[in-house]
Structures are given as structure tokens and as C-alpha cells.
Amino acid sequence: MAGVVVDRPRFGNVVCDLDGVLYRGSEAIAGAGNALKRLDEAGFAVLFVTNNSTRASADVAGKINRLNGYAASSEQVISSAEAAAELLALDRPASMVIGGIGIDSALRARGIPIVDDPSLAEAVVVGLDIDFTYRRLDMAASAIRNGARFIAANTDVTFPGSSEIHPGAGAIVAAIEAASGCSPTVAGKPHAAIRSLVKQRLVPGGVWVVGDRPETDLAMAKAEHWNAALVLTGVVAHPNEVDADLRPDLVSASLVEFADALIRDRLSGGPGLAGGAFS
């Protein structure tokens with residue numbers, strides 16, 4: 001995809017994480033939907049980039065619409081499942097999936113066959129799987145030891161729920177890595193596969209990456225010399241928790257505060273935030 005289809009001129013990009021930024025589990029973060037609408041109306045192209053591999057892009061867009069009241073399209077959504085599928089799109093190996101419908105959907109969309117027999121698997125793609133069992137661990141490790149490629153949608157150890165932190169895909173990836181003795185190629189944030197998909201959909205202008213997780217969101221921004229904004233509605237409660245090499249360009253209490261700052265700067269003609277002075 002060359003770029004997001006827009007109905008008005010765009011001059012910059014906001015690349016927004018989901019869990020911990022727009023919502024926590026099944027609960028919307030207050031004001032996030034309105035902040036998205038205001039960014040859109042101000043002329044920013046908004047993309048949603050998530051390491052959650054459990055849903056197809058259309059379902060992710062539907063969740064944003066349902067919880068936040070923002071009419072997201074599937075073209076605005078980029079997931080780690082899509083990034084994992086891109087890593088396999090050239091040779092389309094028969095793939096075993098440890099994960100949800102998001103990975104299945106992304107693989108099938110690229111013509112990649114899905115198998116459940118370890119002896120037939122040429123690749124094993126791993127994401128968050130809430131039904132993960134010892135048997136699936138054994139099958140995945142066996143396939144990888146026998147030469148199957150090991151692809152991790154992401155290695156996020158945790159993710160924020162409505163009221164607490166839950167184990168993430170990274171915990172499952174770590175178990176398979178320990179059992180197989182092999183390390184995965186990681187597709188999601190902050191790695192190159194998902195960054196490549198993001199770059200294909202950017203419009204001209206500055207880029208702000210907004211997220212709650214330093215090792216994924218802020219690291220992705222740093223890798224591409226994009227602007228990094230940390231919001232404190234997810235896994236990080238205070239900016240002092242962030243390592244010096246991942247220090248953000250802007251810290252905001254929430255997406256609402258970030259949007260206020262970006263739009264205010266744009267309307268004032270300031271050279272900083274909206275202009276991408278840090279990029």
C-alpha cells in the first residue's frame with residue numbers, strides 16, 4: 001500500500017499504539033476517541049500499530065470504533081500478525097500457528113498454508129494464545145528443532161488489562177525458545193518487519209509515535225529517528241522508569257494531553273511538535 005487514502009490534505013503522521021493508549025482491555029481510556037477525532041480534523045494522518053496479534057485488522061478497527069467512538073478503517077491498522085506474515089510472504093512456508101485468529105487471517109491473506117502437524121511445519125508463528133497448552137508447546141518446539149523457522153509476532157512479556165497486567169505473547173515465546181533451544185525472528189515493534197509496513201503507509205511530514213511501552217513504542221521511534229511520545233495510561237506510571245537511551249521527546253499524561261499539545265503547536269505555527277523538529 002503506497003499510503004493511506006485520505007479525504008483532505010495531510011501534513012504529518014501520528015502512529016498510535018492501542019493497549020494502554022486508547023483502551024485497557026475492554027475499557028476505553030477517557031477522552032482518547034475525541035483526541036483521535038481532533039488529530040484527524042487538524043490534518044494529521046493517524047495509524048494504529050499494535051503488537052497484539054489476536055485480532056484481524058478489521059476487528060481491531062471495529063474495537064476502536066466500538067470503545068472509542070472513532071471510525072477507524074482496517075487500512076489504518078498495522079499489527080504484529082501482519083508483520084509476521086510479511087516475513088513469510090516470499091516463500092510461503094507451511095506454518096504452524098500458536099496464536100489467535102489475527103495470525104491465521106494474516107497468513108491466509110498472503111496465501112501461506114496453515115498446518116497443525118509438526119512434521120509438516122516449515123515455520124512456527126507464535127503470538128498471544130490464551131489457550132496455550134503443554135501439548136502445543138511440545139509440538140512447536142519439535143517443529144523448530146526439526147528445522148522450522150521460528151517467527152515471533154512479538155515478545156511483549158505483559159499487556160495491560162482493564163484492572164491489572166496480564167502475561168503477553170513474550171511469555172509463550174520464551175517457553176518455546178527454552179524448549180526448542182532456538183531464538184525467534186521477531187516481527188512486531190520495535191523490529192524491522194513492522195517498521196517497514198508503517199513506512200509504506202506514512203504521508204509526507206513529521207512522524208510522532210505515541211505509546212505506553214518504552215521497549216516497543218519508543219524503541220521503534222528511535223530506530224527510525226521519529227519523534228517519540230510516552231503516555232502514562234499504560235504500563236509506565238512515571239517517566240523516570242524509562243531507560244536513558246529510550247527517553248521520549250514528549251511525556252503526556254494521556255493521548256488527550258498529547259493531542260492538545262500537538263494541535264496547539266500546529267495552530268500557533270510553532271516549529272516544534274507539529275513540524276517534527278525532533279525527527
# chains A, B, ... in the order shown; residues from 1 in each chain; ligands from 1
>>> closest_atom_pairs(of="range 192-240 of chain A", to="range 51-54 of chain A", cutoff="10 Å", atoms="only C-alpha atoms", output="CSV")
residue,atom,partner,partner_atom,distance
A:Ile194,CA,A:Asn51,CA,9.2
A:Thr216,CA,A:Asn51,CA,8.6
A:Asp217,CA,A:Asn51,CA,9.6
>>> write_last_selection(atoms="N, CA and C atoms", output="JSON list (two decimals), in the first residue's frame")
[["chain", "number", "residue", "atom", "x", "y", "z"],
["A", 194, "ILE", "N", 7.80, -4.77, 11.10],
["A", 194, "ILE", "CA", 6.64, -3.91, 11.30],
["A", 194, "ILE", "C", 6.97, -2.46, 10.96],
["A", 216, "THR", "N", 9.06, -1.09, 23.16],
["A", 216, "THR", "CA", 8.45, -1.34, 21.85],
["A", 216, "THR", "C", 8.15, -0.02, 21.14],
["A", 217, "ASP", "N", 7.28, 0.80, 21.71],
["A", 217, "ASP", "CA", 6.84, 2.02, 21.04],
["A", 217, "ASP", "C", 7.97, 3.04, 20.91]]
>>> residues_around(residues="Val236 in chain A", least_positions_apart="5", cutoff="10 Å", atoms="only C-alpha atoms", output="PDB file with N, CA and C atoms, in the first residue's frame")
ATOM      1  N   GLY A  20      -3.318   0.360  26.346  1.00  0.00           N
ATOM      2  CA  GLY A  20      -2.632   1.284  27.230  1.00  0.00           C
ATOM      3  C   GLY A  20      -2.622   2.712  26.732  1.00  0.00           C
ATOM      4  N   GLY A 211       2.980   5.959  22.471  1.00  0.00           N
ATOM      5  CA  GLY A 211       2.803   4.663  23.107  1.00  0.00           C
ATOM      6  C   GLY A 211       3.067   4.710  24.592  1.00  0.00           C
ATOM      7  N   ASP A 212       2.800   3.569  25.231  1.00  0.00           N
ATOM      8  CA  ASP A 212       2.978   3.463  26.676  1.00  0.00           C
ATOM      9  C   ASP A 212       4.136   2.557  27.071  1.00  0.00           C
ATOM     10  N   ARG A 213       4.738   1.871  26.076  1.00  0.00           N
ATOM     11  CA  ARG A 213       5.752   0.868  26.397  1.00  0.00           C
ATOM     12  C   ARG A 213       7.092   1.280  25.781  1.00  0.00           C
ATOM     13  N   PRO A 214       8.080   1.634  26.606  1.00  0.00           N
ATOM     14  CA  PRO A 214       9.356   2.118  26.068  1.00  0.00           C
ATOM     15  C   PRO A 214      10.059   1.135  25.145  1.00  0.00           C
ATOM     16  N   LEU A 230       5.593   9.459  25.058  1.00  0.00           N
ATOM     17  CA  LEU A 230       5.182   8.489  26.065  1.00  0.00           C
ATOM     18  C   LEU A 230       3.915   8.981  26.747  1.00  0.00           C
ATOM     19  N   VAL A 231       2.893   8.117  26.818  1.00  0.00           N
ATOM     20  CA  VAL A 231       1.704   8.428  27.604  1.00  0.00           C
ATOM     21  C   VAL A 231       1.692   7.523  28.829  1.00  0.00           C
ATOM     22  N   GLU A 241      10.931   5.810  34.951  1.00  0.00           N
ATOM     23  CA  GLU A 241      11.066   4.373  34.741  1.00  0.00           C
ATOM     24  C   GLU A 241      11.705   4.049  33.386  1.00  0.00           C
ATOM     25  N   VAL A 242      11.819   5.044  32.516  1.00  0.00           N
ATOM     26  CA  VAL A 242      12.321   4.815  31.153  1.00  0.00           C
ATOM     27  C   VAL A 242      13.842   4.929  31.128  1.00  0.00           C
TER      28      VAL A 242
END
>>> closest_residue(among="A:Arg66, A:Ala174, A:Pro93, A:Val115", to="Gly147 in chain A", atoms="only C-alpha atoms")
A:Pro93
>>> atom_distance(atom1="CA of Ala192 in chain A", atom2="CA of Asn227 in chain A")
17.0 Å
>>> closest_atom_pairs(of="range 39-124 of chain A", to="range 254-266 of chain A", cutoff="12 Å", atoms="only C-alpha atoms", output="Markdown table")
| residue | atom | partner | partner_atom | distance |
| --- | --- | --- | --- | --- |
| A:Leu39 | CA | A:Ala259 | CA | 6.4 |
| A:Asp40 | CA | A:Ala259 | CA | 10.1 |
| A:Glu41 | CA | A:Ile263 | CA | 9.8 |
| A:Ala42 | CA | A:Ile263 | CA | 6.7 |
| A:Gly43 | CA | A:Ile263 | CA | 9.3 |
| A:Phe44 | CA | A:Ile263 | CA | 9.3 |
| A:Val46 | CA | A:Ala259 | CA | 11.6 |
>>> select_by_dssp(residues="range 2-182 of chain A", states="alpha helix (DSSP H)", output="PyMOL selection string")
chain A and resi 32-41+57-68+80-88+101-109+134-145+169-180
>>> residues_around(residues="Asn154 in chain A", least_positions_apart="4", cutoff="7 Å", atoms="only C-alpha atoms", output="MDAnalysis selection string")
chainID A and resid 51 80 127 169:170 186:189
>>> closest_residue(among="A:Leu202, A:Ala175, A:Val77, A:Ala140", to="Val97 in chain A", atoms="only C-alpha atoms")
A:Ala140
>>> closest_residue(among="A:Ala61, A:Ile144, A:Leu128, A:Cys182", to="Met96 in chain A", atoms="only C-alpha atoms")
A:Ile144
>>> closest_residue(among="A:Leu18, A:Ala89, A:Ala30, A:Val125", to="Phe159 in chain A", atoms="only C-alpha atoms")
A:Leu18
>>> atom_distance(atom1="CA of Tyr23 in chain A", atom2="CA of Leu87 in chain A")
28.6 Å
>>> residues_around(residues="Ala221 in chain A", least_positions_apart="3", cutoff="10 Å", atoms="only C-alpha atoms", output="number ranges by chain")
A: 15, 189-190, 195, 207-211, 214, 216-218, 224-229, 246, 248, 279
>>> write_last_selection(atoms="C-alpha atoms", output="mmCIF file, in the first residue's frame")
data_model
loop_
_atom_site.group_PDB
_atom_site.id
_atom_site.type_symbol
_atom_site.label_atom_id
_atom_site.label_comp_id
_atom_site.auth_asym_id
_atom_site.auth_seq_id
_atom_site.Cartn_x
_atom_site.Cartn_y
_atom_site.Cartn_z
ATOM 1 C CA VAL A 15 1.429 6.450 14.822
ATOM 2 C CA LYS A 189 7.536 -3.482 17.448
ATOM 3 C CA PRO A 190 10.271 -2.340 17.524
ATOM 4 C CA ARG A 195 8.582 -0.672 10.783
ATOM 5 C CA VAL A 207 6.093 11.340 12.427
ATOM 6 C CA TRP A 208 5.068 11.035 16.069
ATOM 7 C CA VAL A 209 4.910 7.586 17.657
ATOM 8 C CA VAL A 210 2.625 7.585 20.702
ATOM 9 C CA GLY A 211 2.803 4.663 23.107
ATOM 10 C CA PRO A 214 9.356 2.118 26.068
ATOM 11 C CA THR A 216 8.454 -1.337 21.855
ATOM 12 C CA ASP A 217 6.842 2.020 21.043
ATOM 13 C CA LEU A 218 9.681 4.351 21.981
ATOM 14 C CA GLU A 224 13.644 5.305 12.588
ATOM 15 C CA HIS A 225 14.564 8.711 14.070
ATOM 16 C CA TRP A 226 10.868 9.504 14.504
ATOM 17 C CA ASN A 227 9.509 11.571 17.381
ATOM 18 C CA ALA A 228 8.602 9.557 20.480
ATOM 19 C CA ALA A 229 5.759 10.435 22.859
ATOM 20 C CA LEU A 246 14.795 5.403 25.157
ATOM 21 C CA PRO A 248 10.902 10.225 24.840
ATOM 22 C CA SER A 279 12.801 13.879 13.512
#
>>> closest_residue(among="A:Asp131, A:Asp138, A:Glu27, A:Asp104", to="Ala153 in chain A", atoms="only C-alpha atoms")
A:Asp104
>>> select_by_dssp(residues="range 42-121 of chain A", states="strand (DSSP E or B)", output="mmCIF file with N, CA and C atoms, in the first residue's frame")
data_model
loop_
_atom_site.group_PDB
_atom_site.id
_atom_site.type_symbol
_atom_site.label_atom_id
_atom_site.label_comp_id
_atom_site.auth_asym_id
_atom_site.auth_seq_id
_atom_site.Cartn_x
_atom_site.Cartn_y
_atom_site.Cartn_z
ATOM 1 N N PHE A 44 -3.737 15.550 10.699
ATOM 2 C CA PHE A 44 -2.743 14.501 10.885
ATOM 3 C C PHE A 44 -3.286 13.167 10.365
ATOM 4 N N ALA A 45 -2.443 12.415 9.670
ATOM 5 C CA ALA A 45 -2.789 11.053 9.276
ATOM 6 C C ALA A 45 -2.537 10.154 10.474
ATOM 7 N N VAL A 46 -3.558 9.406 10.882
ATOM 8 C CA VAL A 46 -3.465 8.563 12.074
ATOM 9 C C VAL A 46 -3.356 7.099 11.663
ATOM 10 N N LEU A 47 -2.327 6.430 12.167
ATOM 11 C CA LEU A 47 -2.168 4.989 12.002
ATOM 12 C C LEU A 47 -2.205 4.327 13.377
ATOM 13 N N PHE A 48 -2.688 3.095 13.414
ATOM 14 C CA PHE A 48 -2.714 2.328 14.649
ATOM 15 C C PHE A 48 -1.790 1.129 14.479
ATOM 16 N N VAL A 49 -0.770 1.048 15.318
ATOM 17 C CA VAL A 49 0.222 -0.008 15.196
ATOM 18 C C VAL A 49 0.275 -0.775 16.513
ATOM 19 N N THR A 50 -0.044 -2.053 16.443
ATOM 20 C CA THR A 50 -0.190 -2.839 17.656
ATOM 21 C C THR A 50 0.603 -4.131 17.601
ATOM 22 N N VAL A 77 -4.825 0.193 10.364
ATOM 23 C CA VAL A 77 -4.337 -0.726 11.393
ATOM 24 C C VAL A 77 -3.195 -1.577 10.852
ATOM 25 N N ILE A 78 -2.106 -1.630 11.604
ATOM 26 C CA ILE A 78 -0.971 -2.496 11.291
ATOM 27 C C ILE A 78 -0.677 -3.309 12.550
ATOM 28 N N SER A 79 -0.681 -4.640 12.420
ATOM 29 C CA SER A 79 -0.478 -5.494 13.584
ATOM 30 C C SER A 79 0.790 -6.327 13.431
ATOM 31 N N SER A 95 2.894 -23.350 7.704
ATOM 32 C CA SER A 95 3.156 -22.749 9.011
ATOM 33 C C SER A 95 2.214 -23.261 10.092
ATOM 34 N N MET A 96 2.799 -23.595 11.245
ATOM 35 C CA MET A 96 2.026 -23.900 12.437
ATOM 36 C C MET A 96 1.811 -22.599 13.198
ATOM 37 N N VAL A 97 0.604 -22.368 13.693
ATOM 38 C CA VAL A 97 0.276 -21.132 14.393
ATOM 39 C C VAL A 97 0.028 -21.413 15.864
ATOM 40 N N ILE A 98 0.769 -20.727 16.713
ATOM 41 C CA ILE A 98 0.479 -20.664 18.141
ATOM 42 C C ILE A 98 -0.007 -19.243 18.374
ATOM 43 N N ILE A 114 -1.595 -23.171 6.449
ATOM 44 C CA ILE A 114 -1.511 -23.409 7.884
ATOM 45 C C ILE A 114 -1.652 -24.908 8.144
#
>>> residues_around(residues="Ile165 in chain A", least_positions_apart="2", cutoff="12 Å", atoms="only C-alpha atoms", output="ChimeraX atom specification")
/A:19-20,24-25,156-163,167-168,234-236
>>> write_last_selection(atoms="N, CA and C atoms", output="PDB file, in the first residue's frame")
ATOM      1  N   ASP A  19      -3.362  -0.831  23.110  1.00  0.00           N
ATOM      2  CA  ASP A  19      -3.483  -1.223  24.514  1.00  0.00           C
ATOM      3  C   ASP A  19      -2.658  -0.288  25.394  1.00  0.00           C
ATOM      4  N   GLY A  20      -3.318   0.360  26.346  1.00  0.00           N
ATOM      5  CA  GLY A  20      -2.632   1.284  27.230  1.00  0.00           C
ATOM      6  C   GLY A  20      -2.622   2.712  26.732  1.00  0.00           C
ATOM      7  N   ARG A  24      -7.765  -0.038  27.821  1.00  0.00           N
ATOM      8  CA  ARG A  24      -7.130  -1.067  28.637  1.00  0.00           C
ATOM      9  C   ARG A  24      -8.097  -2.242  28.668  1.00  0.00           C
ATOM     10  N   GLY A  25      -7.739  -3.330  27.991  1.00  0.00           N
ATOM     11  CA  GLY A  25      -8.661  -4.451  27.897  1.00  0.00           C
ATOM     12  C   GLY A  25      -9.909  -4.057  27.135  1.00  0.00           C
ATOM     13  N   ASP A 156       6.380  -9.061  23.735  1.00  0.00           N
ATOM     14  CA  ASP A 156       5.878  -8.323  24.895  1.00  0.00           C
ATOM     15  C   ASP A 156       5.551  -9.317  26.008  1.00  0.00           C
ATOM     16  N   VAL A 157       6.228  -9.207  27.124  1.00  0.00           N
ATOM     17  CA  VAL A 157       6.046 -10.162  28.211  1.00  0.00           C
ATOM     18  C   VAL A 157       4.693  -9.978  28.891  1.00  0.00           C
ATOM     19  N   THR A 158       4.191  -8.744  28.909  1.00  0.00           N
ATOM     20  CA  THR A 158       2.904  -8.454  29.538  1.00  0.00           C
ATOM     21  C   THR A 158       2.095  -7.517  28.656  1.00  0.00           C
ATOM     22  N   PHE A 159       0.808  -7.371  28.994  1.00  0.00           N
ATOM     23  CA  PHE A 159      -0.018  -6.338  28.380  1.00  0.00           C
ATOM     24  C   PHE A 159      -1.032  -5.862  29.419  1.00  0.00           C
ATOM     25  N   PRO A 160      -1.467  -4.582  29.318  1.00  0.00           N
ATOM     26  CA  PRO A 160      -2.384  -4.049  30.332  1.00  0.00           C
ATOM     27  C   PRO A 160      -3.820  -4.468  30.086  1.00  0.00           C
ATOM     28  N   GLY A 161      -4.482  -4.996  31.116  1.00  0.00           N
ATOM     29  CA  GLY A 161      -5.906  -5.295  31.056  1.00  0.00           C
ATOM     30  C   GLY A 161      -6.704  -4.178  31.697  1.00  0.00           C
ATOM     31  N   SER A 162      -7.977  -4.404  31.924  1.00  0.00           N
ATOM     32  CA  SER A 162      -8.842  -3.367  32.487  1.00  0.00           C
ATOM     33  C   SER A 162      -8.399  -2.949  33.877  1.00  0.00           C
ATOM     34  N   SER A 163      -7.915  -3.923  34.677  1.00  0.00           N
ATOM     35  CA  SER A 163      -7.579  -3.595  36.060  1.00  0.00           C
ATOM     36  C   SER A 163      -6.224  -4.127  36.499  1.00  0.00           C
ATOM     37  N   PRO A 167      -0.016 -11.784  31.424  1.00  0.00           N
ATOM     38  CA  PRO A 167       1.100 -12.319  30.636  1.00  0.00           C
ATOM     39  C   PRO A 167       0.845 -12.120  29.144  1.00  0.00           C
ATOM     40  N   GLY A 168       1.891 -11.749  28.429  1.00  0.00           N
ATOM     41  CA  GLY A 168       1.762 -11.495  26.998  1.00  0.00           C
ATOM     42  C   GLY A 168       2.381 -12.590  26.152  1.00  0.00           C
ATOM     43  N   GLY A 234      -0.667   3.447  30.533  1.00  0.00           N
ATOM     44  CA  GLY A 234      -0.461   2.014  30.334  1.00  0.00           C
ATOM     45  C   GLY A 234       0.491   1.417  31.343  1.00  0.00           C
ATOM     46  N   VAL A 235       1.599   0.833  30.862  1.00  0.00           N
ATOM     47  CA  VAL A 235       2.476   0.062  31.738  1.00  0.00           C
ATOM     48  C   VAL A 235       3.489   0.918  32.488  1.00  0.00           C
ATOM     49  N   VAL A 236       3.695   2.166  32.066  1.00  0.00           N
ATOM     50  CA  VAL A 236       4.664   3.046  32.732  1.00  0.00           C
ATOM     51  C   VAL A 236       3.912   4.123  33.495  1.00  0.00           C
TER      52      VAL A 236
END
>>> residues_around(residues="Arg92 in chain A", least_positions_apart="6", cutoff="9 Å", atoms="only C-alpha atoms", output="ChimeraX atom specification")
/A:85,107,110-113
